[in-house]
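Working notes, structure below.
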Amino acid sequence: MDQYDIAKQLRNKLTEVEAEIISQQQSKRGLSSKSEAQDKALSIITLRSDLQKAIENEDYALAAELRDEISKLEAESLAASAKALAYENVQFAFRLGQKVRHKVFGYRAVIVGMDPVCSESTSWMENAQVNKLSRGSTQPFYQVLVDVHADPNILVAYVAEDNLVVPDKPDMGRFDHPYISFLFYGMDSAGDFIPIRQLREKYNRPRHEVPNDED
């Protein structure tokens, strides 16, 4: 019993350390995006100076090219600023290995990846009608494995946080997917899967597990 208590204390301490490491890594990624936005802003200032000179020299072809480049950089700068803000304030509602259900399509799934904002292309977001969601593309998005019994035609999906919910009670039912054994150790006592270390490190998430001695 003493050894069990010590092991439990060590596990709790390890979770605290992992959480601190993750916080620092997320902060670095946010600073990287902020630096990118600042670099683009400086480039825009230089281009605007060049644009003014081109207009003064009546080089309108060059001026048109510079305007296009400025518009492109302004859009990229705005996107980088939004990404930096998302990294600074991201709060994921779901965790790796957690079982969820799609609000619209109803299929069961398990979380295997997460992004602070949508990382898909503009065309993908248009097809998925992301702009119709209450939080649009600036909310967390998740990679999920879909239970093959729910829909054998969809193995992996990319879903907005708005479209996912957790079961009302622990989901202990059978969940089948060909990737499960590669990404998880097994299930905890709440029915959620326990992600392997490599998966946790990829997304910088701490280990979460409901021990068998807890409800």
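By convention in this document, the chains of the structure tokens carry letters A, B, ... by their order, each chain's residues are numbered from 1, and ligands are numbered from 1 in the order they are shown.
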Contacts of A:Phe92 within 12 Å, only C-alpha atoms, excl. fewer than 5 positions in-chain, as a CSV table (one decimal) with N, CA, C and O atoms, in the first residue's frame:
```csv
chain,number,residue,atom,x,y,z
A,86,ALA,N,-4.3,32.8,-31.0
A,86,ALA,CA,-4.9,31.5,-30.7
A,86,ALA,C,-4.0,30.7,-29.8
A,86,ALA,O,-4.5,30.0,-28.9
A,87,TYR,N,-2.7,30.7,-30.1
A,87,TYR,CA,-1.8,29.9,-29.3
A,87,TYR,C,-1.7,30.4,-27.8
A,87,TYR,O,-1.6,29.7,-26.9
A,98,GLN,N,-9.8,10.9,-25.7
A,98,GLN,CA,-11.1,11.0,-25.2
A,98,GLN,C,-12.2,10.6,-26.3
A,98,GLN,O,-12.0,10.9,-27.4
A,111,ILE,N,-10.3,11.2,-30.0
A,111,ILE,CA,-9.4,12.3,-30.3
A,111,ILE,C,-8.0,11.7,-30.5
A,111,ILE,O,-7.4,11.1,-29.6
A,113,GLY,N,-5.6,14.0,-32.3
A,113,GLY,CA,-4.8,15.2,-32.7
A,113,GLY,C,-5.6,16.4,-32.5
A,113,GLY,O,-6.8,16.4,-32.4
A,114,MET,N,-4.9,17.6,-32.3
A,114,MET,CA,-5.6,18.8,-32.0
A,114,MET,C,-4.8,20.0,-32.5
A,114,MET,O,-3.5,20.0,-32.4
A,115,ASP,N,-5.5,21.0,-33.1
A,115,ASP,CA,-4.9,22.3,-33.5
A,115,ASP,C,-5.6,23.4,-32.8
A,115,ASP,O,-6.8,23.4,-32.7
A,116,PRO,N,-4.9,24.5,-32.5
A,116,PRO,CA,-5.6,25.7,-31.8
A,116,PRO,C,-6.5,26.4,-32.8
A,116,PRO,O,-7.5,27.0,-32.3
A,117,VAL,N,-6.3,26.3,-34.1
A,117,VAL,CA,-7.2,26.8,-35.1
A,117,VAL,C,-7.2,25.9,-36.3
A,117,VAL,O,-6.4,25.0,-36.3
A,139,GLN,N,-11.3,28.4,-33.9
A,139,GLN,CA,-11.5,27.6,-32.7
A,139,GLN,C,-10.7,26.3,-32.8
A,139,GLN,O,-10.1,26.1,-33.9
A,140,PRO,N,-10.5,25.6,-31.8
A,140,PRO,CA,-9.7,24.3,-31.9
A,140,PRO,C,-10.4,23.3,-32.9
A,140,PRO,O,-11.6,23.3,-32.9
A,141,PHE,N,-9.5,22.6,-33.6
A,141,PHE,CA,-10.0,21.6,-34.5
A,141,PHE,C,-9.3,20.3,-34.1
A,141,PHE,O,-8.1,20.3,-33.6
A,142,TYR,N,-10.0,19.2,-34.3
A,142,TYR,CA,-9.4,17.9,-33.8
A,142,TYR,C,-9.4,16.8,-34.9
A,142,TYR,O,-10.3,16.8,-35.7
A,160,ALA,N,-14.4,20.5,-36.1
A,160,ALA,CA,-14.3,21.7,-35.2
A,160,ALA,C,-14.8,21.3,-33.8
A,160,ALA,O,-15.7,20.4,-33.6
A,161,GLU,N,-14.3,22.0,-32.8
A,161,GLU,CA,-14.7,21.8,-31.5
A,161,GLU,C,-16.2,22.0,-31.3
A,161,GLU,O,-16.9,21.2,-30.5
A,162,ASP,N,-16.8,22.9,-32.0
A,162,ASP,CA,-18.2,23.2,-31.9
A,162,ASP,C,-19.1,21.9,-32.3
A,162,ASP,O,-20.2,21.8,-31.8
A,164,LEU,N,-18.4,18.7,-31.6
A,164,LEU,CA,-18.1,17.5,-30.8
A,164,LEU,C,-18.7,17.7,-29.4
A,164,LEU,O,-18.7,18.8,-28.9
A,203,TYR,N,1.8,16.3,-29.8
A,203,TYR,CA,0.9,17.4,-29.5
A,203,TYR,C,1.1,18.1,-28.2
A,203,TYR,O,0.3,19.0,-27.7
A,205,ARG,N,0.9,17.2,-25.0
A,205,ARG,CA,-0.2,17.1,-24.1
A,205,ARG,C,0.3,16.1,-22.9
A,205,ARG,O,1.0,15.2,-23.2
```
Checklist entry - Which of these, A:Ile196, A:Val112, A:Leu155, A:Val165, has the shortest distance to A:Pro178 once you count only C-alpha atoms? => result A:Leu155
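Nearest to A:Ala128 of all the residues A:Val159, A:Leu199, A:Val146, A:Ala79 is A:Val159, based on only C-alpha atoms.
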Checklist entry - How many Å separate atom CA of A:Ala63 from atom CA of A:Ile44? => result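 Separating atom CA of A:Ala63 from atom CA of A:Ile44 is a distance of 13.6 Å.
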Next on the checklist: Counting only C-alpha atoms, which residue out of A:Thr138, A:Gln143, A:Gln38, A:Asn204 sits closest to A:Val90?
Outcome noted: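 So, comparing all the options, the nearest one is A:Thr138.
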Item to check | Per-residue DSSP, stretch 139-191 of chain A, filtered to alpha helix (DSSP H), as a ChimeraX atom specification | outcome: /A:180-183
Produce a file of the selected residues containing C-alpha atoms, as a PDB file, in the first residue's frame.
```pdb
ATOM      1  CA  ILE A 180      -6.212   2.064 -32.152  1.00  0.00           C
ATOM      2  CA  SER A 181      -3.514  -0.442 -31.223  1.00  0.00           C
ATOM      3  CA  PHE A 182      -0.795   1.789 -32.711  1.00  0.00           C
ATOM      4  CA  LEU A 183      -1.784   4.984 -30.897  1.00  0.00           C
TER       5      LEU A 183
END
```
